[in-house]
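> Following this line is final-v4.txt, made up of compact mmCIF, C-alpha atoms:
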# COMPACT_ATOMS: atom_id res chain seq x y z
CA MET O 1 7.88 -41.94 -29.55
CA SER O 2 5.81 -39.81 -31.86
CA LYS O 3 3.71 -41.30 -34.68
CA LYS O 4 5.74 -39.52 -37.34
CA TYR O 5 8.99 -40.91 -35.93
CA CYS O 6 7.59 -44.44 -35.89
CA GLU O 7 6.44 -44.19 -39.53
CA LYS O 8 9.72 -42.68 -40.70
CA PHE O 9 11.93 -45.35 -39.17
CA ASN O 10 9.51 -48.31 -39.54
CA ILE O 11 9.37 -49.02 -35.83
CA PRO O 12 7.41 -52.27 -35.30
CA LYS O 13 4.13 -51.89 -33.42
CA HIS O 14 5.21 -53.77 -30.28
CA LEU O 15 8.09 -51.32 -29.78
CA GLN O 16 5.93 -48.20 -30.05
CA VAL O 17 5.91 -47.50 -26.33
CA PRO O 18 4.89 -44.04 -25.14
CA LEU O 19 7.55 -42.16 -23.20
CA GLY O 20 6.66 -41.70 -19.54
CA ALA O 21 3.24 -42.28 -18.08
CA VAL O 22 0.61 -39.87 -16.80
CA LEU O 23 -1.85 -41.42 -14.38
CA PRO O 24 -4.95 -40.06 -12.69
CA ALA O 25 -4.37 -39.70 -8.95
CA ASN O 26 -6.24 -42.02 -6.60
CA LYS O 27 -8.59 -40.40 -4.13
CA LYS O 28 -9.15 -42.74 -1.18
CA GLU O 29 -6.92 -45.79 -1.63
CA ASN O 30 -4.53 -47.32 -4.13
CA LYS O 31 -6.39 -50.43 -5.31
CA GLY O 32 -3.50 -51.47 -7.55
CA MET O 33 -1.39 -52.51 -4.57
CA ILE O 34 -3.37 -54.32 -1.89
CA THR O 35 -0.97 -55.29 0.90
CA GLY O 36 -3.30 -56.89 3.46
CA ASN O 37 -2.12 -60.36 2.49
CA TRP O 38 1.41 -59.60 3.75
CA ARG O 39 0.57 -59.92 7.40
CA THR O 40 0.66 -62.96 9.68
CA VAL O 41 -0.62 -61.17 12.80
CA ARG O 42 -3.22 -58.45 13.02
CA PRO O 43 -3.71 -55.68 15.57
CA VAL O 44 -6.99 -55.99 17.47
CA ILE O 45 -8.22 -52.97 19.44
CA ASP O 46 -10.13 -53.02 22.72
CA HIS O 47 -12.48 -50.06 22.25
CA GLU O 48 -13.37 -49.77 25.93
CA ALA O 49 -9.76 -49.32 27.05
CA CYS O 50 -8.92 -46.96 24.16
CA THR O 51 -8.37 -43.34 25.23
CA LEU O 52 -8.34 -41.93 21.65
CA CYS O 53 -4.81 -40.58 21.99
CA LEU O 54 -4.44 -41.07 18.20
CA ASN O 55 -0.96 -42.60 18.46
CA CYS O 56 -1.93 -45.48 16.16
CA PHE O 57 -3.33 -43.02 13.63
CA LEU O 58 -0.21 -40.85 13.71
CA PHE O 59 2.37 -43.63 13.63
CA CYS O 60 0.86 -46.04 11.06
CA PRO O 61 3.05 -45.97 7.92
CA ASP O 62 0.24 -47.42 5.83
CA ALA O 63 -2.48 -45.05 7.02
CA THR O 64 -4.77 -47.87 8.14
CA TRP O 65 -5.99 -46.36 11.43
CA HIS O 66 -8.64 -43.61 11.40
CA LEU O 67 -10.83 -41.88 13.92
CA ASP O 68 -14.55 -42.30 13.30
CA GLU O 69 -15.65 -38.93 14.62
CA LYS O 70 -19.36 -39.79 14.85
CA GLU O 71 -18.95 -42.94 16.92
CA GLU O 72 -15.76 -41.74 18.68
CA LYS O 73 -13.73 -44.88 18.02
CA MET O 74 -10.78 -45.96 15.94
CA VAL O 75 -11.41 -47.87 12.70
CA TRP O 76 -8.90 -50.23 11.13
CA ASN O 77 -8.47 -50.90 7.41
CA ALA O 78 -7.96 -54.65 6.91
CA ASP O 79 -7.16 -54.43 3.19
CA TYR O 80 -3.88 -52.56 3.58
CA CYS O 81 -2.49 -53.32 7.07
CA LYS O 82 0.90 -55.02 6.64
CA GLY O 83 1.01 -56.15 10.26
CA CYS O 84 4.11 -54.23 11.33
CA LEU O 85 2.60 -53.72 14.83
CA ILE O 86 3.98 -50.19 15.37
CA CYS O 87 0.50 -49.39 16.74
CA GLU O 88 0.77 -52.18 19.32
CA ASN O 89 4.22 -50.96 20.36
CA GLU O 90 3.24 -47.29 20.63
CA CYS O 91 -0.15 -47.65 22.35
CA PRO O 92 0.23 -45.98 25.79
CA VAL O 93 -2.58 -47.98 27.45
CA ASP O 94 -1.84 -51.32 25.70
CA CYS O 95 -5.33 -51.64 24.28
CA ILE O 96 -4.05 -53.01 20.96
CA SER O 97 -3.01 -56.66 20.96
CA ALA O 98 -1.44 -58.78 18.24
CA VAL O 99 -3.59 -61.77 17.28
CA ASN O 100 -2.47 -64.45 14.85
CA GLU O 101 -4.33 -64.51 11.54
CA LEU O 102 -5.11 -68.22 12.09
CA GLU O 103 -7.47 -67.21 14.90
CA PHE O 104 -9.84 -65.57 12.43
CA LYS O 105 -12.22 -67.49 10.19
CA GLY O 106 -11.75 -65.06 7.35
CA GLY O 107 -8.07 -64.52 8.17
CA VAL O 108 -5.69 -63.81 5.33
CA VAL O 109 -3.79 -67.11 5.66
CA ARG O 110 -7.01 -69.13 5.37
CA LEU O 111 -8.06 -67.63 2.06
CA GLU O 112 -7.35 -69.73 -1.04
CA LYS O 113 -6.82 -66.59 -3.08
CA PRO O 114 -5.99 -63.73 -0.73
CA PHE O 115 -8.01 -60.76 -1.99
CA MET D 1 8.12 -5.12 -11.86
CA ALA D 2 7.10 -8.61 -10.96
CA LYS D 3 4.02 -8.84 -8.81
CA ALA D 4 4.62 -10.22 -5.37
CA VAL D 5 3.36 -13.78 -5.35
CA GLU D 6 1.25 -14.72 -2.38
CA THR D 7 3.07 -17.26 -0.26
CA GLN D 8 1.47 -20.06 1.72
CA ASN D 9 -0.20 -19.37 5.02
CA LEU D 10 -0.71 -22.76 6.64
CA GLU D 11 -2.01 -23.04 10.17
CA MET D 12 0.04 -24.87 12.81
CA ALA D 13 -1.32 -28.16 14.13
CA LYS D 14 -1.19 -27.72 17.89
CA SER D 15 -2.14 -31.23 18.99
CA ALA D 16 -2.77 -34.70 17.59
CA ARG D 17 -6.47 -33.87 17.30
CA ARG D 18 -5.70 -30.98 14.96
CA VAL D 19 -3.79 -33.21 12.54
CA PRO D 20 -6.09 -33.70 9.52
CA GLN D 21 -7.80 -37.08 9.32
CA GLU D 22 -7.75 -36.86 5.53
CA GLU D 23 -5.03 -38.91 3.82
CA TRP D 24 -3.00 -37.62 0.89
CA TYR D 25 -0.45 -40.43 0.86
CA LEU D 26 -2.95 -43.23 0.46
CA PRO D 27 -2.83 -46.79 1.80
CA GLY D 28 -1.54 -49.29 -0.74
CA HIS D 29 2.19 -49.13 -1.44
CA ARG D 30 5.04 -51.64 -1.58
CA THR D 31 7.22 -50.26 1.22
CA CYS D 32 8.47 -52.72 3.87
CA GLN D 33 6.60 -53.42 7.08
CA GLY D 34 7.19 -50.59 9.52
CA CYS D 35 8.85 -48.35 6.92
CA GLY D 36 10.13 -45.10 8.44
CA PRO D 37 10.36 -43.09 5.20
CA ALA D 38 6.76 -44.09 4.32
CA LEU D 39 5.64 -42.75 7.70
CA THR D 40 7.58 -39.56 7.00
CA TYR D 41 5.89 -39.25 3.61
CA LYS D 42 2.48 -39.69 5.22
CA LEU D 43 3.12 -37.00 7.83
CA VAL D 44 4.59 -34.54 5.32
CA SER D 45 1.57 -35.06 3.05
CA LYS D 46 -0.75 -34.35 5.96
CA ALA D 47 1.17 -31.12 6.57
CA THR D 48 1.02 -29.86 2.99
CA GLY D 49 -2.48 -30.97 2.02
CA GLY D 50 -3.78 -31.43 -1.49
CA ASP D 51 -2.69 -28.10 -2.98
CA SER D 52 0.85 -29.24 -3.58
CA ILE D 53 3.18 -30.72 -6.17
CA PHE D 54 5.56 -33.41 -4.97
CA LEU D 55 8.76 -34.43 -6.70
CA GLY D 56 10.28 -37.83 -6.12
CA PRO D 57 13.90 -38.35 -7.07
CA THR D 58 14.95 -41.98 -7.44
CA GLY D 59 15.13 -43.69 -4.08
CA CYS D 60 13.08 -45.94 -1.86
CA MET D 61 10.04 -43.71 -1.94
CA TYR D 62 10.01 -43.75 -5.74
CA VAL D 63 10.86 -47.40 -6.34
CA ALA D 64 8.56 -48.86 -3.70
CA ASN D 65 5.58 -46.61 -4.39
CA THR D 66 5.27 -46.55 -8.17
CA SER D 67 4.19 -50.07 -8.92
CA TYR D 68 3.27 -50.48 -12.57
CA LEU D 69 0.48 -48.03 -13.45
CA CYS D 70 -0.66 -47.26 -9.93
CA SER D 71 0.50 -44.75 -7.37
CA PRO D 72 -0.46 -43.91 -3.78
CA TRP D 73 -0.46 -40.11 -4.09
CA ALA D 74 -3.63 -38.02 -4.08
CA TYR D 75 -1.77 -34.92 -5.35
CA PRO D 76 0.34 -34.35 -8.48
CA TRP D 77 3.59 -36.26 -8.17
CA MET D 78 6.44 -36.53 -10.62
CA HIS D 79 9.50 -38.72 -10.79
CA THR D 80 12.79 -36.89 -11.35
CA GLN D 81 16.22 -38.38 -11.83
CA ILE D 82 18.22 -38.80 -8.64
CA THR D 83 20.55 -36.00 -9.74
CA ASN D 84 18.05 -33.29 -10.62
CA ALA D 85 15.27 -32.99 -8.05
CA GLY D 86 16.27 -29.41 -7.24
CA ALA D 87 16.43 -28.41 -10.89
CA VAL D 88 12.93 -29.77 -11.62
CA ALA D 89 11.55 -27.96 -8.56
CA SER D 90 13.17 -24.72 -9.78
CA GLY D 91 11.57 -25.17 -13.20
CA ILE D 92 8.10 -25.80 -11.84
CA GLU D 93 8.32 -22.84 -9.47
CA ALA D 94 9.64 -20.50 -12.20
CA ALA D 95 6.88 -21.58 -14.60
CA TYR D 96 4.21 -20.86 -11.98
CA GLN D 97 5.75 -17.45 -11.24
CA VAL D 98 5.60 -16.54 -14.95
CA LEU D 99 2.03 -17.80 -15.37
CA ILE D 100 0.91 -15.82 -12.32
CA ARG D 101 2.74 -12.70 -13.51
CA LYS D 102 1.11 -12.89 -16.95
CA GLY D 103 -2.29 -13.56 -15.42
CA LYS D 104 -2.69 -16.95 -17.10
CA TYR D 105 -2.97 -18.80 -13.80
CA LYS D 106 -5.41 -17.51 -11.22
CA GLY D 107 -4.70 -18.65 -7.73
CA LYS D 108 -1.68 -18.83 -5.52
CA LEU D 109 1.52 -20.77 -5.86
CA PRO D 110 1.08 -24.44 -4.86
CA ASN D 111 3.37 -26.01 -2.27
CA ILE D 112 6.30 -27.38 -4.24
CA VAL D 113 7.98 -30.12 -2.22
CA CYS D 114 10.97 -32.30 -3.10
CA MET D 115 11.03 -35.55 -1.15
CA ALA D 116 14.62 -36.66 -1.64
CA GLY D 117 16.49 -39.35 0.21
CA ASP D 118 19.93 -38.81 1.66
CA GLY D 119 21.54 -39.83 -1.64
CA GLY D 120 19.22 -37.64 -3.70
CA SER D 121 19.95 -34.56 -1.62
CA ILE D 122 23.50 -34.51 -0.25
CA ASP D 123 25.31 -37.07 -2.36
CA ILE D 124 24.23 -37.55 -5.98
CA GLY D 125 21.64 -34.78 -6.01
CA LEU D 126 23.76 -32.17 -4.22
CA GLN D 127 24.45 -29.90 -7.20
CA ALA D 128 20.77 -29.53 -8.18
CA MET D 129 19.72 -28.96 -4.56
CA SER D 130 22.45 -26.37 -4.10
CA GLY D 131 21.44 -24.67 -7.36
CA MET D 132 17.83 -24.40 -6.21
CA MET D 133 18.91 -22.90 -2.87
CA TYR D 134 21.36 -20.52 -4.56
CA ARG D 135 18.80 -19.13 -7.03
CA GLY D 136 16.23 -18.68 -4.29
CA HIS D 137 13.23 -20.58 -5.65
CA ASP D 138 10.19 -20.77 -3.41
CA ALA D 139 10.25 -24.53 -2.82
CA LEU D 140 10.73 -26.87 0.11
CA PHE D 141 13.46 -29.50 -0.02
CA ILE D 142 12.92 -32.40 2.36
CA MET D 143 15.65 -34.94 3.04
CA TYR D 144 14.20 -38.11 4.56
CA ASP D 145 17.27 -39.67 6.08
CA ASN D 146 17.35 -43.46 6.28
CA GLU D 147 21.16 -43.31 6.37
CA SER D 148 21.80 -45.54 3.35
CA TYR D 149 20.92 -46.24 -0.26
CA ALA D 150 18.16 -48.61 0.79
CA ASN D 151 16.35 -49.29 -2.48
CA THR D 152 19.38 -50.99 -4.04
CA GLY D 153 20.12 -53.12 -0.98
CA ILE D 154 21.67 -50.92 1.75
CA GLN D 155 24.81 -49.32 0.37
CA THR D 156 26.71 -46.67 2.30
CA SER D 157 25.85 -43.01 1.74
CA PRO D 158 27.40 -39.84 3.24
CA ALA D 159 24.66 -39.89 5.89
CA THR D 160 25.52 -43.39 7.15
CA PRO D 161 26.88 -43.18 10.70
CA TYR D 162 30.31 -44.38 11.81
CA GLY D 163 30.57 -48.11 12.31
CA ALA D 164 27.52 -49.18 10.30
CA ASN D 165 27.62 -52.44 8.42
CA THR D 166 26.42 -51.92 4.83
CA THR D 167 27.10 -53.89 1.66
CA PHE D 168 29.78 -51.34 0.71
CA THR D 169 31.35 -51.22 4.17
CA PRO D 170 31.37 -54.81 5.48
CA PRO D 171 33.40 -55.30 8.66
CA GLY D 172 36.40 -57.56 8.24
CA LYS D 173 39.97 -58.15 9.39
CA ALA D 174 41.46 -55.03 7.78
CA ILE D 175 38.67 -52.63 8.81
CA PRO D 176 36.93 -54.10 11.87
CA GLU D 177 34.47 -51.24 12.35
CA GLY D 178 32.76 -51.34 8.95
CA LYS D 179 32.22 -47.71 8.00
CA VAL D 180 35.18 -45.60 9.08
CA LEU D 181 34.02 -42.10 8.12
CA PHE D 182 31.65 -39.94 10.12
CA PRO D 183 28.56 -38.60 8.32
CA LYS D 184 28.19 -35.35 6.41
CA ASP D 185 26.22 -32.58 8.11
CA ALA D 186 23.39 -31.84 5.70
CA CYS D 187 21.97 -28.82 7.50
CA GLN D 188 25.37 -27.13 7.78
CA LEU D 189 25.85 -27.57 4.03
CA VAL D 190 22.63 -25.66 3.42
CA ILE D 191 23.09 -23.03 6.14
CA GLY D 192 26.72 -22.33 5.39
CA GLY D 193 26.64 -21.72 1.69
CA HIS D 194 23.20 -20.45 0.75
CA PRO D 195 22.31 -16.90 1.81
CA ALA D 196 18.84 -17.16 0.20
CA VAL D 197 17.80 -19.80 2.75
CA HIS D 198 16.15 -18.44 5.89
CA TYR D 199 14.72 -21.57 7.48
CA VAL D 200 16.37 -24.95 8.08
CA ALA D 201 15.05 -27.55 10.51
CA THR D 202 15.64 -31.11 11.59
CA ALA D 203 12.70 -33.27 12.62
CA SER D 204 12.08 -36.82 13.72
CA LEU D 205 9.12 -39.06 12.99
CA ALA D 206 8.90 -39.87 16.70
CA TYR D 207 7.36 -36.41 17.20
CA PRO D 208 4.76 -36.17 14.40
CA VAL D 209 3.03 -32.95 15.45
CA ASP D 210 6.40 -31.19 15.66
CA LEU D 211 7.30 -32.58 12.21
CA ILE D 212 4.04 -31.32 10.68
CA ASN D 213 4.52 -27.88 12.21
CA LYS D 214 8.07 -27.63 10.92
CA VAL D 215 7.01 -28.56 7.39
CA ARG D 216 4.20 -25.98 7.48
CA LYS D 217 6.51 -23.32 8.87
CA ALA D 218 9.02 -24.06 6.11
CA LEU D 219 6.29 -23.70 3.48
CA ASN D 220 5.14 -20.39 4.97
CA TYR D 221 8.63 -18.94 4.50
CA LYS D 222 9.27 -17.25 1.19
CA GLY D 223 12.22 -18.67 -0.68
CA PRO D 224 13.96 -22.03 -0.44
CA THR D 225 13.77 -24.00 2.80
CA PHE D 226 15.26 -27.28 3.95
CA VAL D 227 13.94 -29.87 6.42
CA HIS D 228 16.03 -32.88 7.41
CA ILE D 229 13.93 -35.77 8.77
CA HIS D 230 15.28 -38.79 10.63
CA SER D 231 13.50 -41.90 9.31
CA PRO D 232 14.65 -45.27 10.71
CA CYS D 233 14.68 -48.13 8.19
CA PRO D 234 13.96 -51.59 9.70
CA LYS D 235 15.41 -53.42 6.70
CA GLY D 236 18.64 -51.44 6.48
CA TRP D 237 19.34 -50.92 10.17
CA LEU D 238 18.21 -54.45 11.00
CA PHE D 239 15.75 -54.09 13.84
CA ASP D 240 12.23 -55.39 14.39
CA ALA D 241 9.59 -53.67 12.21
CA LYS D 242 7.48 -52.62 15.18
CA LYS D 243 10.34 -50.65 16.75
CA THR D 244 10.60 -47.92 14.09
CA VAL D 245 9.22 -45.16 16.30
CA GLU D 246 10.99 -46.52 19.38
CA VAL D 247 14.38 -46.34 17.61
CA ALA D 248 13.67 -42.78 16.43
CA LYS D 249 12.80 -41.78 20.00
CA LEU D 250 15.92 -43.48 21.37
CA ALA D 251 18.06 -41.57 18.86
CA ILE D 252 16.83 -38.31 20.41
CA GLU D 253 17.27 -39.58 23.97
CA THR D 254 20.88 -40.62 23.33
CA GLY D 255 21.85 -37.54 21.32
CA MET D 256 22.39 -39.38 18.04
CA TRP D 257 19.76 -37.04 16.60
CA VAL D 258 18.98 -33.48 17.70
CA ASN D 259 15.79 -31.67 16.74
CA TYR D 260 16.47 -28.02 16.07
CA GLU D 261 15.29 -25.09 13.99
CA TRP D 262 17.51 -22.50 12.37
CA GLU D 263 15.70 -19.27 11.57
CA ASN D 264 17.65 -16.33 10.13
CA GLY D 265 20.81 -17.31 12.02
CA GLU D 266 19.29 -18.36 15.33
CA TYR D 267 19.10 -21.88 16.67
CA THR D 268 16.25 -23.17 18.83
CA TYR D 269 16.25 -26.74 20.16
CA GLN D 270 13.33 -29.08 20.77
CA HIS D 271 12.94 -32.31 22.75
CA THR D 272 16.29 -32.09 24.51
CA PRO D 273 16.32 -34.57 27.42
CA LYS D 274 17.60 -33.47 30.82
CA GLU D 275 20.22 -36.20 30.75
CA TYR D 276 21.40 -38.04 27.67
CA LYS D 277 21.43 -41.84 27.75
CA PRO D 278 24.66 -43.63 26.71
CA VAL D 279 24.84 -44.11 22.96
CA ALA D 280 25.56 -47.84 23.41
CA GLY D 281 21.86 -48.41 24.13
CA TYR D 282 20.95 -47.07 20.70
CA MET D 283 23.69 -49.01 18.90
CA LYS D 284 23.01 -52.35 20.64
CA GLY D 285 19.40 -52.31 19.41
CA GLN D 286 20.44 -52.40 15.77
CA GLN D 287 22.15 -55.33 14.07
CA ARG D 288 24.09 -53.04 11.72
CA PHE D 289 26.26 -52.08 14.73
CA ALA D 290 26.48 -55.64 16.11
CA HIS D 291 30.16 -56.14 15.16
CA LEU D 292 31.44 -53.05 17.03
CA THR D 293 33.74 -53.44 20.02
CA ASP D 294 33.67 -51.23 23.13
CA ALA D 295 36.54 -49.11 21.77
CA HIS D 296 34.49 -48.24 18.67
CA ILE D 297 31.43 -47.36 20.73
CA ALA D 298 33.61 -45.15 22.96
CA LYS D 299 34.81 -43.31 19.85
CA MET D 300 31.21 -42.74 18.81
CA GLN D 301 30.31 -41.58 22.33
CA ALA D 302 33.21 -39.08 22.29
CA PHE D 303 32.01 -37.70 18.96
CA ILE D 304 28.41 -37.39 20.19
CA ASP D 305 29.57 -35.70 23.44
CA ALA D 306 31.55 -33.14 21.45
CA LYS D 307 28.60 -32.57 19.10
CA LEU D 308 26.08 -32.09 21.91
CA LYS D 309 28.00 -29.14 23.34
CA ALA D 310 26.70 -27.10 20.41
CA PRO D 311 24.30 -29.19 18.35
CA GLY D 312 24.01 -28.20 14.73
CA ILE D 313 27.45 -26.60 14.74
CA PRO D 314 30.17 -28.84 13.28
CA VAL D 315 32.98 -30.26 15.42
CA ALA D 316 36.35 -31.75 14.52
CA LEU D 317 35.97 -35.38 13.54
CA PRO D 318 37.90 -38.05 15.44
CA VAL D 319 38.54 -39.91 12.18
CA GLN D 320 39.79 -38.03 9.12
CA GLY D 321 40.18 -40.63 6.41
CA PRO D 322 39.84 -44.37 5.90
CA ARG D 323 43.53 -45.03 5.26
CA GLU D 324 45.32 -42.65 7.61
CA SER D 325 45.59 -44.82 10.69
Take the structure in this file and express it as structure tokens.


Amino acid sequence: MSKKYCEKFNIPKHLQVPLGAVLPANKKENKGMITGNWRTVRPVIDHEACTLCLNCFLFCPDATWHLDEKEEKMVWNADYCKGCLICENECPVDCISAVNELEFKGGVVRLEKPF
Amino acid sequence: MAKAVETQNLEMAKSARRVPQEEWYLPGHRTCQGCGPALTYKLVSKATGGDSIFLGPTGCMYVANTSYLCSPWAYPWMHTQITNAGAVASGIEAAYQVLIRKGKYKGKLPNIVCMAGDGGSIDIGLQAMSGMMYRGHDALFIMYDNESYANTGIQTSPATPYGANTTFTPPGKAIPEGKVLFPKDACQLVIGGHPAVHYVATASLAYPVDLINKVRKALNYKGPTFVHIHSPCPKGWLFDAKKTVEVAKLAIETGMWVNYEWENGEYTYQHTPKEYKPVAGYMKGQQRFAHLTDAHIAKMQAFIDAKLKAPGIPVALPVQGPRES
């Protein structure tokens, strides 16, 4: 609502909501919606068995797998992985295994306030 | 005379290594575990890159991604009503054409992409999509097909297959198979009635490099294009979250989904198996088909067999209406 309109019709201040919202786009990650605390199991990769076929990178809906081109290995983003395990299911050499979050000292279920 | 506007010239990704590592659909969104449409969105964003404008009609990919004051897109994105995605795309494209013609915008036309669900493209949003195709705007319309209205709790849509259990088509004593009607053919709608369209394709998220190439090819074409993408939905189809890609692959192996391209009147097919598996294997893996008897599955198999003789070309449906039998 425009300022003029609000003055003309005596709209109280708490109802003066702008129409629509324009937001700056995020660049690397969306920090407003951290989803790592959804998961109960996490995918753990065995780097020696990995053949870098990039299936996990292609099939991850949350874009948590990436290829580190310098070190030639896959990197996993713990903050956003929801634990759907598509990567475990699609790995052709079975080098990704599902490990319960309770196995990790800093696992999501052990945190008092996850993230 | 209007100056010819430079169209996109995107390179094809030939292998998984050539798929860009850069993300444009960023991590951090509220979609379910193993969400198929989210995976589709990620792959389409990788195909288009940052020089694009995305439009999101109401649907899962709008509701689950736009949490209050944060969004996972690294390119300009705009919400449109579920009815008018095509109209908004037309407006944006026309405005860019005018700005380029008058010399007020230096640079080429960005990729204008509508990411509509099955409801936003062939049910509620059909008139705006058809209008965009009819007028010949240079935009890409993508239909990510999760075969239901999933954001409101799995209601039936015209893309829902025969026999699916949704909240609008529950199986019971009177109608034991749940949904009685067979789905609408989205690609035939576009091909049949819109002479301005020169490229229509279907893709599946089980073959990501093929999907990326089809999206890029569609963007390289001048004029409106349409890509129909099969995106399994673990919540709506009731299967385990880790099986999203497996289900999409099984759909192609059983013939429930056929990947093809239609370019200027010619069909080319991709990923056709030498021998199709029985469709029962696909339907048994999903709880939405759990109530079906063998007679219902045989009806589905007969329909699929007829369809596979000439995929993409419509066949007579075994069931005409819900109340005729």

> Report the closest atom pair, with its distance in Å rounded to one decimal, for each residue of chain D that has an atom no farther than 6 Å from chain O; count only C-alpha atoms, sort by chain and then rising residue number, and write it as a Markdown table.


| residue | atom | partner | partner_atom | distance |
| --- | --- | --- | --- | --- |
| D:Leu26 | CA | O:Glu29 | CA | 5.2 |
| D:Pro27 | CA | O:Asp62 | CA | 5.1 |
| D:Gly28 | CA | O:Asn30 | CA | 4.9 |
| D:His29 | CA | O:Met33 | CA | 5.8 |
| D:Gln33 | CA | O:Cys84 | CA | 5.0 |
| D:Gly34 | CA | O:Cys84 | CA | 5.1 |
| D:Ala38 | CA | O:Pro61 | CA | 5.5 |
| D:Leu39 | CA | O:Pro61 | CA | 4.1 |
| D:Cys70 | CA | O:Gly32 | CA | 5.6 |
| D:Pro72 | CA | O:Asn30 | CA | 5.3 |
| D:Ala74 | CA | O:Ala25 | CA | 5.2 |
| D:Ala241 | CA | O:Cys84 | CA | 5.6 |
| D:Lys242 | CA | O:Ile86 | CA | 4.3 |

> List as a list in words the protein and nucleic acid residues near segment 89-94 of chain D, meaning an atom at most 9 Å away when all atoms listed in the file are counted, but skip any in the same chain fewer than 5 places from it.

Ile53, Phe54, Leu55, Asn84, Leu99, Leu109, Pro110, Ile112, Val113, Cys114, Gly131, Met132, Arg135, Gly136, His137, Asp138, Ala139, Leu140 and Phe141 of chain D

> Give me the residues within 8 Å of Val41 of chain O as a list in words, counting all atoms listed in the file and dropping any in the same chain fewer than 4 places off.

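Result of the neighbour search: Gly83, Ala98, Val99, Asn100 and Glu101 of chain O.
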
> One number please: atom CA of Val44 of chain O to atom CA of Ala16 of chain D, in Å, one decimal.

21.7 Å

> What lies within 6 Å of segment 148-156 of chain D using all atoms listed in the file, ignoring chain neighbours under 4 positions off, as a compact mmCIF listing (two decimals) with C-alpha atoms, keeping the file's coordinate frame?


# COMPACT_ATOMS: atom_id res chain seq x y z
CA GLY D 59 15.13 -43.69 -4.08
CA CYS D 60 13.08 -45.94 -1.86
CA THR D 160 25.52 -43.39 7.15
CA THR D 166 26.42 -51.92 4.83
CA THR D 167 27.10 -53.89 1.66
CA PHE D 168 29.78 -51.34 0.71
CA GLY D 236 18.64 -51.44 6.48

> In Å, how far is it from atom CA of His291 of chain D to atom CA of Ala164 of chain D?

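Here the two named atoms are 8.9 Å from each other.
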
> Counting all atoms listed in the file, what is within 8 Å of Ala248 of chain D, bar same-chain residues fewer than 5 positions away, as a list of chain:residue names?

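Near neighbours after the sequence-gap exclusion: D:Ser204, D:Leu205, D:Ala206, D:His230, D:Ser231, D:Pro232.
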
> Go ahead and compute the interatomic distance for atom CA of Lys249 of chain D and atom CA of Lys42 of chain D, in Å to one decimal.

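Spanning atom CA of Lys249 of chain D to atom CA of Lys42 of chain D is a straight-line distance of 18.1 Å.
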
> Please provide the set of residues having any atom within 7 Å of segment 91-95 of chain O, restricted to only C-alpha atoms, with same-chain residues fewer than 4 positions apart removed, written as a PyMOL selection string.

chain O and resi 45-46+49-50+55-56+87
